[in-house]
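Colleague: Okay, so here is coords_36.cif, and as you'll see once you scroll down, it has mmCIF, C-alpha atoms and all ligand atoms.
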```cif
data_data
loop_
_atom_site.label_atom_id
_atom_site.label_comp_id
_atom_site.auth_asym_id
_atom_site.auth_seq_id
_atom_site.Cartn_x
_atom_site.Cartn_y
_atom_site.Cartn_z
CA MET A 1 44.88 -25.39 31.00
CA LYS A 2 41.34 -24.29 30.44
CA LYS A 3 42.62 -21.87 27.87
CA LEU A 4 44.56 -24.60 26.08
CA ILE A 5 41.50 -26.88 25.86
CA PHE A 6 39.47 -23.99 24.55
CA CYS A 7 42.12 -23.34 21.90
CA LEU A 8 42.14 -27.00 20.87
CA PHE A 9 38.38 -26.96 20.49
CA GLY A 10 38.68 -23.80 18.49
CA LEU A 11 41.18 -25.44 16.16
CA LEU A 12 39.03 -28.53 15.70
CA PHE A 13 36.08 -26.33 14.93
CA VAL A 14 37.99 -24.30 12.36
CA ASN A 15 39.31 -27.51 10.82
CA ALA A 16 35.84 -29.05 10.52
CA GLN A 17 34.61 -25.89 8.87
CA ALA A 18 37.49 -25.82 6.43
CA GLN A 19 36.69 -29.37 5.32
CA GLU A 20 33.27 -28.32 4.16
CA SER A 21 33.65 -26.84 0.74
CA ASP A 22 33.27 -23.11 0.82
CA THR A 23 33.30 -22.88 -2.95
CA LYS A 24 30.25 -21.57 -4.75
CA VAL A 25 29.69 -22.43 -8.39
CA ILE A 26 27.84 -20.46 -11.04
CA LEU A 27 27.43 -22.37 -14.28
CA ILE A 28 26.24 -20.32 -17.25
CA THR A 29 25.30 -21.26 -20.81
CA LEU A 30 24.74 -19.04 -23.86
CA ASP A 31 22.62 -21.05 -26.28
CA GLY A 32 24.31 -21.67 -29.61
CA LEU A 33 26.77 -18.78 -29.60
CA ARG A 34 29.44 -19.75 -32.14
CA TRP A 35 33.12 -19.82 -31.19
CA GLN A 36 33.66 -17.86 -34.40
CA GLU A 37 31.93 -14.76 -32.98
CA LEU A 38 33.31 -15.24 -29.46
CA PHE A 39 36.90 -15.22 -30.71
CA SER A 40 36.68 -13.04 -33.83
CA GLY A 41 33.64 -10.83 -33.33
CA ALA A 42 31.38 -9.88 -36.22
CA ASP A 43 31.77 -12.21 -39.21
CA PRO A 44 32.94 -10.30 -42.33
CA LEU A 45 30.74 -12.50 -44.55
CA LEU A 46 27.60 -11.80 -42.53
CA VAL A 47 27.90 -8.31 -41.05
CA SER A 48 27.28 -6.56 -44.38
CA ASN A 49 25.07 -9.24 -45.90
CA ARG A 50 21.63 -7.84 -46.66
CA THR A 51 20.03 -11.26 -46.49
CA TYR A 52 20.74 -11.38 -42.76
CA VAL A 53 21.10 -7.72 -41.76
CA HIS A 54 18.49 -5.02 -42.19
CA ASP A 55 20.73 -1.99 -41.57
CA THR A 56 24.29 -2.99 -42.44
CA THR A 57 25.68 0.52 -41.88
CA ALA A 58 24.31 0.72 -38.35
CA LEU A 59 25.48 -2.79 -37.48
CA LYS A 60 28.98 -2.16 -38.84
CA SER A 61 29.27 1.10 -36.95
CA ARG A 62 28.71 -0.86 -33.73
CA PHE A 63 30.64 -4.05 -34.27
CA TRP A 64 32.94 -3.75 -37.27
CA LYS A 65 36.68 -3.12 -36.68
CA PRO A 66 39.69 -3.99 -38.84
CA THR A 67 41.03 -6.89 -36.73
CA PRO A 68 39.35 -9.90 -35.08
CA GLN A 69 40.88 -8.83 -31.73
CA GLU A 70 39.23 -5.42 -31.95
CA ARG A 71 35.97 -6.88 -33.23
CA ARG A 72 35.60 -9.34 -30.36
CA LYS A 73 36.26 -6.57 -27.84
CA ALA A 74 33.55 -4.49 -29.45
CA LEU A 75 31.14 -7.43 -29.35
CA MET A 76 31.88 -8.80 -25.88
CA PRO A 77 33.85 -6.18 -23.93
CA PHE A 78 33.47 -7.79 -20.50
CA VAL A 79 34.76 -11.14 -21.77
CA TRP A 80 37.72 -9.62 -23.60
CA ASN A 81 38.71 -6.80 -21.25
CA THR A 82 38.05 -8.48 -17.90
CA LEU A 83 37.54 -12.25 -18.09
CA SER A 84 40.51 -12.69 -20.44
CA GLN A 85 42.65 -11.15 -17.67
CA LYS A 86 41.11 -13.14 -14.82
CA GLY A 87 40.60 -16.60 -16.26
CA GLN A 88 40.87 -18.94 -19.21
CA ILE A 89 39.10 -18.86 -22.55
CA HIS A 90 39.20 -22.16 -24.40
CA GLY A 91 38.08 -22.99 -27.91
CA ASN A 92 39.85 -20.68 -30.37
CA ARG A 93 40.48 -23.31 -33.02
CA ASN A 94 42.53 -20.82 -35.05
CA LEU A 95 45.12 -21.13 -32.27
CA GLY A 96 44.73 -24.89 -31.78
CA SER A 97 42.56 -24.72 -28.66
CA LYS A 98 39.56 -26.98 -29.18
CA VAL A 99 36.44 -27.71 -27.21
CA ASP A 100 33.99 -30.27 -28.55
CA LEU A 101 30.75 -31.92 -27.60
CA THR A 102 30.91 -35.70 -27.16
CA ASN A 103 27.26 -36.14 -28.11
CA ARG A 104 26.59 -36.46 -31.84
CA MET A 105 23.25 -34.67 -31.91
CA TRP A 106 24.52 -31.08 -31.81
CA PHE A 107 21.33 -29.47 -30.63
CA SER A 108 20.11 -28.17 -27.31
CA TYR A 109 18.67 -30.91 -25.06
CA PRO A 110 21.55 -33.32 -25.80
CA GLY A 111 24.03 -30.45 -25.25
CA TYR A 112 22.56 -29.41 -21.91
CA ASN A 113 22.25 -33.04 -20.87
CA GLU A 114 25.95 -33.54 -21.57
CA ILE A 115 26.98 -30.38 -19.72
CA LEU A 116 24.77 -31.06 -16.70
CA THR A 117 25.15 -34.84 -16.36
CA GLY A 118 28.70 -35.29 -17.64
CA LYS A 119 27.77 -37.88 -20.24
CA ALA A 120 26.32 -37.92 -23.73
CA ASP A 121 23.23 -40.11 -24.05
CA ASP A 122 22.44 -40.20 -27.77
CA LYS A 123 20.23 -43.28 -27.38
CA ARG A 124 17.74 -41.57 -25.09
CA ILE A 125 18.39 -37.83 -25.39
CA ASN A 126 17.88 -37.35 -29.10
CA SER A 127 15.12 -34.74 -29.34
CA ASN A 128 14.14 -31.43 -27.76
CA ASP A 129 10.85 -32.90 -26.58
CA LYS A 130 9.69 -32.15 -23.05
CA ILE A 131 10.70 -35.52 -21.63
CA PRO A 132 11.82 -35.71 -17.99
CA ASN A 133 15.55 -36.43 -18.10
CA PRO A 134 16.25 -40.06 -17.06
CA ASN A 135 19.83 -38.99 -16.21
CA THR A 136 20.93 -37.27 -13.02
CA THR A 137 22.30 -33.75 -13.27
CA ILE A 138 24.95 -32.21 -11.04
CA LEU A 139 22.18 -29.96 -9.70
CA GLU A 140 20.29 -33.02 -8.49
CA ILE A 141 23.46 -34.63 -7.08
CA ALA A 142 24.22 -31.47 -5.07
CA HIS A 143 20.62 -31.01 -3.90
CA SER A 144 20.59 -34.66 -2.69
CA ASP A 145 23.61 -34.00 -0.47
CA GLU A 146 22.88 -32.69 3.03
CA ARG A 147 25.42 -29.88 2.62
CA TYR A 148 23.72 -28.46 -0.45
CA LYS A 149 20.08 -29.31 0.16
CA ASN A 150 17.95 -26.32 -0.91
CA LYS A 151 21.09 -24.46 -1.94
CA VAL A 152 20.80 -25.22 -5.64
CA ALA A 153 18.78 -23.30 -8.23
CA ALA A 154 18.39 -23.11 -12.00
CA PHE A 155 17.13 -20.33 -14.28
CA GLY A 156 16.58 -20.68 -18.01
CA SER A 157 15.05 -18.75 -20.87
CA TRP A 158 13.91 -21.95 -22.63
CA ASP A 159 10.86 -23.72 -21.31
CA VAL A 160 12.40 -27.20 -21.64
CA PHE A 161 14.77 -26.71 -18.68
CA PRO A 162 12.35 -28.04 -16.05
CA PHE A 163 12.50 -31.34 -17.98
CA ILE A 164 16.26 -31.30 -18.59
CA VAL A 165 16.85 -30.79 -14.87
CA ASN A 166 13.92 -33.12 -14.11
CA GLU A 167 12.53 -30.63 -11.63
CA GLU A 168 9.83 -33.02 -10.49
CA ARG A 169 12.15 -35.89 -9.49
CA SER A 170 15.16 -33.82 -8.44
CA GLY A 171 13.34 -31.20 -6.38
CA VAL A 172 15.74 -28.58 -7.79
CA PRO A 173 13.79 -25.35 -8.34
CA VAL A 174 13.85 -24.29 -11.98
CA ASN A 175 12.47 -20.94 -13.14
CA ALA A 176 12.32 -21.20 -16.93
CA GLY A 177 10.31 -20.27 -19.99
CA PHE A 178 7.63 -17.80 -18.99
CA GLU A 179 7.44 -18.79 -15.33
CA ILE A 180 7.24 -16.03 -12.78
CA ALA A 181 8.87 -15.86 -9.35
CA LYS A 182 6.82 -17.67 -6.74
CA GLY A 183 6.72 -17.67 -2.95
CA ASP A 184 5.51 -15.34 -0.25
CA GLN A 185 8.77 -13.50 0.29
CA LEU A 186 8.95 -11.85 -3.13
CA SER A 187 11.22 -8.83 -3.41
CA GLU A 188 9.88 -5.63 -4.95
CA ARG A 189 11.93 -6.35 -8.06
CA GLU A 190 10.51 -9.85 -8.37
CA LYS A 191 6.99 -8.47 -8.12
CA PHE A 192 7.84 -5.97 -10.84
CA LEU A 193 9.41 -8.65 -13.07
CA ASN A 194 6.28 -10.77 -12.62
CA GLU A 195 4.19 -7.83 -13.77
CA LEU A 196 6.49 -6.90 -16.64
CA GLN A 197 7.17 -10.33 -18.16
CA PRO A 198 3.72 -10.88 -19.72
CA LYS A 199 3.73 -7.28 -20.96
CA VAL A 200 7.04 -7.59 -22.84
CA PRO A 201 6.22 -10.22 -25.44
CA SER A 202 9.03 -12.49 -26.52
CA PRO A 203 9.45 -13.06 -30.27
CA TRP A 204 9.23 -16.81 -29.57
CA GLY A 205 6.70 -19.16 -28.08
CA THR A 206 9.07 -21.25 -25.97
CA VAL A 207 11.92 -18.88 -25.07
CA ARG A 208 11.69 -15.68 -23.05
CA LEU A 209 14.02 -12.71 -23.36
CA ASP A 210 17.20 -13.19 -21.32
CA ALA A 211 16.85 -10.09 -19.15
CA PHE A 212 13.98 -11.82 -17.30
CA THR A 213 15.98 -14.98 -16.70
CA HIS A 214 18.92 -12.90 -15.55
CA TYR A 215 17.12 -10.70 -13.04
CA TYR A 216 15.04 -13.56 -11.64
CA ALA A 217 18.36 -15.32 -10.99
CA ILE A 218 19.98 -12.28 -9.38
CA GLU A 219 17.00 -11.66 -7.09
CA HIS A 220 16.98 -15.31 -6.01
CA MET A 221 20.72 -15.25 -5.34
CA LYS A 222 20.42 -12.10 -3.22
CA LYS A 223 17.75 -13.70 -1.06
CA ASN A 224 18.62 -17.37 -0.92
CA HIS A 225 22.33 -17.55 -1.70
CA PRO A 226 22.42 -20.87 -3.55
CA GLN A 227 25.84 -22.54 -3.54
CA LEU A 228 25.29 -23.93 -7.01
CA THR A 229 23.44 -21.77 -9.52
CA TYR A 230 22.77 -22.55 -13.15
CA ILE A 231 21.77 -19.74 -15.54
CA ALA A 232 20.86 -20.59 -19.14
CA TYR A 233 20.55 -17.64 -21.52
CA GLY A 234 18.78 -18.43 -24.76
CA GLU A 235 18.33 -15.48 -27.11
CA THR A 236 21.44 -15.95 -29.25
CA ASP A 237 20.22 -19.29 -30.66
CA ASP A 238 16.73 -18.09 -31.51
CA PHE A 239 17.84 -14.92 -33.27
CA ALA A 240 20.25 -17.05 -35.29
CA HIS A 241 17.47 -19.47 -36.30
CA ASP A 242 15.46 -16.42 -37.34
CA GLY A 243 18.35 -15.52 -39.68
CA ASN A 244 18.69 -12.13 -38.00
CA TYR A 245 22.43 -11.51 -37.68
CA GLU A 246 21.84 -8.02 -36.35
CA ALA A 247 19.79 -9.34 -33.43
CA TYR A 248 22.19 -12.26 -32.90
CA LEU A 249 25.14 -9.88 -32.43
CA THR A 250 23.11 -7.46 -30.34
CA SER A 251 22.06 -10.33 -28.12
CA ALA A 252 25.65 -11.58 -27.71
CA HIS A 253 26.63 -8.03 -26.74
CA ASN A 254 23.72 -7.81 -24.31
CA THR A 255 24.54 -11.15 -22.71
CA ASP A 256 28.11 -9.94 -22.18
CA ALA A 257 26.67 -7.00 -20.21
CA LEU A 258 24.49 -9.40 -18.19
CA LEU A 259 27.60 -11.43 -17.35
CA LYS A 260 29.27 -8.25 -16.10
CA ASN A 261 26.22 -7.40 -14.04
CA LEU A 262 26.22 -10.90 -12.52
CA TYR A 263 29.93 -10.76 -11.74
CA ASP A 264 29.62 -7.28 -10.20
CA PHE A 265 26.76 -8.56 -8.03
CA THR A 266 28.86 -11.48 -6.74
CA GLN A 267 31.74 -9.14 -5.94
CA GLN A 268 29.67 -6.99 -3.61
CA ASP A 269 28.04 -9.95 -1.86
CA PRO A 270 30.36 -11.45 0.79
CA PHE A 271 28.74 -14.87 0.33
CA TYR A 272 30.05 -15.05 -3.25
CA LYS A 273 32.96 -12.62 -3.34
CA ASP A 274 36.21 -14.42 -4.18
CA LYS A 275 34.64 -17.79 -3.32
CA THR A 276 32.91 -18.48 -6.61
CA LEU A 277 33.98 -20.62 -9.52
CA PHE A 278 32.40 -19.47 -12.79
CA ILE A 279 32.05 -21.71 -15.84
CA ILE A 280 30.52 -20.32 -19.02
CA THR A 281 29.90 -22.43 -22.10
CA THR A 282 27.45 -23.23 -24.90
CA ASP A 283 25.29 -26.23 -25.78
CA HIS A 284 26.36 -26.49 -29.43
CA GLY A 285 28.02 -24.64 -32.28
CA ARG A 286 26.59 -23.66 -35.66
CA GLY A 287 27.67 -23.99 -39.28
CA THR A 288 29.92 -21.80 -41.42
CA GLN A 289 29.83 -23.44 -44.86
CA PRO A 290 27.70 -23.01 -46.83
CA LEU A 291 27.24 -19.55 -45.37
CA GLU A 292 23.54 -19.97 -44.58
CA THR A 293 24.33 -22.78 -42.12
CA TRP A 294 25.32 -20.13 -39.55
CA LYS A 295 21.60 -20.11 -38.81
CA SER A 296 21.42 -23.72 -37.78
CA HIS A 297 23.01 -26.72 -36.14
CA GLY A 298 22.40 -30.44 -35.68
CA ASP A 299 24.27 -33.52 -36.90
CA LYS A 300 23.95 -32.53 -40.58
CA ILE A 301 25.68 -29.17 -40.04
CA LYS A 302 29.46 -29.32 -40.33
CA GLY A 303 31.21 -27.90 -37.26
CA ALA A 304 28.11 -27.67 -35.05
CA GLY A 305 29.82 -29.87 -32.44
CA GLN A 306 32.52 -27.23 -31.91
CA VAL A 307 32.04 -25.22 -28.73
CA TRP A 308 34.01 -23.08 -26.24
CA MET A 309 34.45 -22.65 -22.52
CA ILE A 310 35.33 -19.75 -20.20
CA LEU A 311 36.61 -20.49 -16.69
CA PHE A 312 37.37 -17.93 -14.01
CA GLY A 313 37.06 -17.27 -10.31
CA LYS A 314 38.01 -19.45 -7.36
CA GLY A 315 40.86 -21.82 -8.07
CA VAL A 316 41.30 -20.83 -11.72
CA SER A 317 44.70 -19.62 -12.93
CA ALA A 318 44.69 -16.64 -15.25
CA HIS A 319 45.99 -18.07 -18.52
CA GLY A 320 43.85 -15.83 -20.69
CA GLU A 321 43.00 -16.97 -24.18
CA ILE A 322 44.43 -20.46 -24.59
CA SER A 323 46.79 -20.33 -27.55
CA SER A 324 48.41 -23.75 -27.48
CA PRO A 325 47.08 -27.02 -28.88
CA LYS A 326 44.66 -28.44 -26.37
CA GLN A 327 41.49 -30.52 -26.56
CA LEU A 328 38.69 -30.20 -24.03
CA TYR A 329 35.21 -31.71 -24.04
CA SER A 330 31.88 -30.48 -22.69
CA ASN A 331 31.48 -33.65 -20.61
CA GLN A 332 34.36 -32.47 -18.40
CA ILE A 333 32.28 -29.67 -16.90
CA ALA A 334 30.03 -31.79 -14.66
CA PRO A 335 32.83 -33.66 -12.85
CA THR A 336 34.70 -30.35 -12.45
CA VAL A 337 31.71 -28.75 -10.74
CA LEU A 338 31.28 -31.76 -8.44
CA LYS A 339 34.95 -31.66 -7.47
CA ALA A 340 34.78 -27.93 -6.72
CA LEU A 341 31.85 -28.62 -4.39
CA ASP A 342 33.65 -31.58 -2.80
CA LEU A 343 30.99 -33.96 -4.10
CA LYS A 344 31.78 -37.47 -5.32
CA THR A 345 32.11 -38.10 -9.03
CA GLU A 346 30.73 -41.42 -10.14
CA ALA A 347 33.35 -42.26 -12.74
CA PRO A 348 31.35 -44.61 -15.03
CA ASN A 349 28.54 -42.06 -15.24
CA MET A 350 30.96 -39.23 -15.96
CA PRO A 351 33.69 -40.32 -18.36
CA GLY A 352 35.20 -36.83 -18.79
CA LYS A 353 38.33 -35.84 -16.86
CA VAL A 354 38.05 -33.12 -14.21
CA LEU A 355 39.42 -29.91 -15.75
CA SER A 356 42.74 -28.84 -14.29
CA LEU A 357 41.89 -25.28 -13.39
CA ASN A 358 45.21 -24.13 -12.02
CA LYS A 359 47.78 -26.08 -14.01
CA ASP A 360 49.94 -24.40 -16.62
ZN ZN B 1 18.87 -24.02 -31.87
#
```
The structure given in the file should be rewritten as structure tokens.
Ligand SMILES: [Zn+2]
Modeller:
Amino acid sequence: MKKLIFCLFGLLFVNAQAQESDTKVILITLDGLRWQELFSGADPLLVSNRTYVHDTTALKSRFWKPTPQERRKALMPFVWNTLSQKGQIHGNRNLGSKVDLTNRMWFSYPGYNEILTGKADDKRINSNDKIPNPNTTILEIAHSDERYKNKVAAFGSWDVFPFIVNEERSGVPVNAGFEIAKGDQLSEREKFLNELQPKVPSPWGTVRLDAFTHYYAIEHMKKNHPQLTYIAYGETDDFAHDGNYEAYLTSAHNTDALLKNLYDFTQQDPFYKDKTLFIITTDHGRGTQPLETWKSHGDKIKGAGQVWMILFGKGVSAHGEISSPKQLYSNQIAPTVLKALDLKTEAPNMPGKVLSLNKD
């Protein structure tokens, strides 16, 4: 009898544990990386264009191949050799798969606001100014829940992220811009990154190089194991604004390697291994016509509202590159993350439908 009661207790215990979500989520954004490069690699009109490329021979030897399929593999090998096998890649408009922003601004703060809060807010979020976000992000929603308190963290290359996440109100820790790692339990690597960051000058005043953002995030994840992590890479957008196609492609290629490094880290850490849902997307697109509009975005640039989305990991069926007509929107990401974490979606605040991760 004693044994039976013990077993019953055991079962109840296991059941209670199972009800708590054991899913971890890593949300990643690559600022302003066009779907055109993601799905077709180096652009034939830009790769040998001396206005935008200093050494066209060198750039072509790295990223030019006869077909778009070969070019994208050369540009982003982890995405196209590994993630395309494991998950879903949405947004190749040449195949009818579309992902669009619902905000009409088509620049960064409105894009990140839409991704992180699940709703466009063109009335209030219509500049990149450092204004504390009046809207509530999924990071704040998770951090306000007992189950995820202090298990949420954000890392960004752009120094506006503390305002987008509203670090002050939400209490969600955000390491962004040129911030260093703080605290008294710093790892050796964090100490080294803190030393290195001011000595490796970024080309820009408000955006640091992505390697810093990446390794600060990895070190934090090793130590603190957040259940919800947001990593916002930024280089691609800034090199594009600079009109440097060489650096834009190199940065896309580099970010692909950072994604591999992040994934490899999660696969050797039992906390994350096979329990993590990954969502990768971008805050806006860029132009194509006239050619020079590849450098920019915003509501005057045709096509800058066109984006893409990569889903893989826990609960995601491996459909690869989506090649059938389908329309997704960036505002669907926030409710999807909340559902994965077993957190309530407040429907009026999040009009987008939860993404069906495992349906055919
Ligand atoms: Zn931009």
Colleague: Report as a PyMOL selection string all protein, DNA and RNA residues lying within 8 Å of Ile138 (chain A), evaluated on all atoms listed in the file, omitting residues in the same chain fewer than 5 positions from it.
Modeller: chain A and resi 116-117+334+337-338
Colleague: Tell me, counting only C-alpha atoms and all ligand atoms, for each residue of chain A within 7 Å of ligand ZN 1 (chain B), which pair of atoms is nearest and how far apart they are in Å to one decimal, in rows ordered by chain and increasing number, as CSV.
Modeller:
```
residue,atom,partner,partner_atom,distance
A:Gly32,CA,B:ZN1,ZN,6.3
A:Phe107,CA,B:ZN1,ZN,6.1
A:Ser108,CA,B:ZN1,ZN,6.3
A:Asp237,CA,B:ZN1,ZN,5.1
A:Asp238,CA,B:ZN1,ZN,6.3
A:His241,CA,B:ZN1,ZN,6.5
A:Ser296,CA,B:ZN1,ZN,6.4
A:His297,CA,B:ZN1,ZN,6.5
```
Colleague: Report as number ranges by chain all protein, DNA and RNA residues lying within 12 Å of Leu101 (chain A), evaluated on all atoms listed in the file, omitting residues in the same chain fewer than 2 positions from it.
Modeller: A: 91, 98-99, 103-108, 110-115, 118-122, 281-285, 298-299, 303-309, 327-333, 352
Colleague: Please, what distance in Å, to one decimal, runs between CA of Tyr248 (chain A) and CA of Tyr263 (chain A)?
Modeller: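 So the answer is 22.6 Å.
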Colleague: Fewer than 3 positions away in the same chain doesn't count, so skip those; otherwise give me all residues within 7 Å of His319 (chain A), counting only C-alpha atoms, as a PyMOL selection string.
Modeller: chain A and resi 87-88+322
Colleague: Which residues are near Ile180 (chain A)? Cut-off 12 Å, all atoms listed in the file, ignore same chain within fewer than 5 positions. Put them as a ChimeraX atom specification.
Modeller: /A:155-157,174-175,186,189-198,208,212-213,215-217,220
Colleague: Counting all atoms listed in the file, which residue out of A:Gln185, A:Ser170, A:Thr51, A:Asn133 sits closest to Tyr109 (chain A)?
Modeller: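 Ranked by minimum distance to Tyr109 (chain A), first place goes to A:Asn133.
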Colleague: Find the residues near Trp204 (chain A): any atom within 10 Å, counting only C-alpha atoms, skip ones fewer than 5 places away on the same chain, and give them as a JSON list (two decimals) with C-alpha atoms, in the coordinates of the input.
Modeller:
```json
[["chain", "number", "residue", "atom", "x", "y", "z"],
["A", 158, "TRP", "CA", 13.91, -21.95, -22.63],
["A", 209, "LEU", "CA", 14.02, -12.71, -23.36],
["A", 235, "GLU", "CA", 18.33, -15.48, -27.11],
["A", 238, "ASP", "CA", 16.73, -18.09, -31.51],
["A", 239, "PHE", "CA", 17.84, -14.92, -33.27],
["A", 242, "ASP", "CA", 15.46, -16.42, -37.34]]
```
Colleague: Point out the residue among A:Leu311, A:Asp210, A:Leu38, A:Val354 with the least atom-to-atom distance to Lys339 (chain A), counting all atoms listed in the file.
Modeller: A:Val354
Colleague: For Phe312 (chain A), which residue among A:Asp264, A:Glu346, A:Asp274, A:Asp159 is the nearest when counting all atoms listed in the file?
Modeller: A:Asp274
Colleague: Which residue gives the smallest distance to His143 (chain A) among A:Leu343, A:Gln268, A:Ile89, A:Pro201, with only C-alpha atoms counted?
Modeller: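 Closest residue, counting only C-alpha atoms: A:Leu343.
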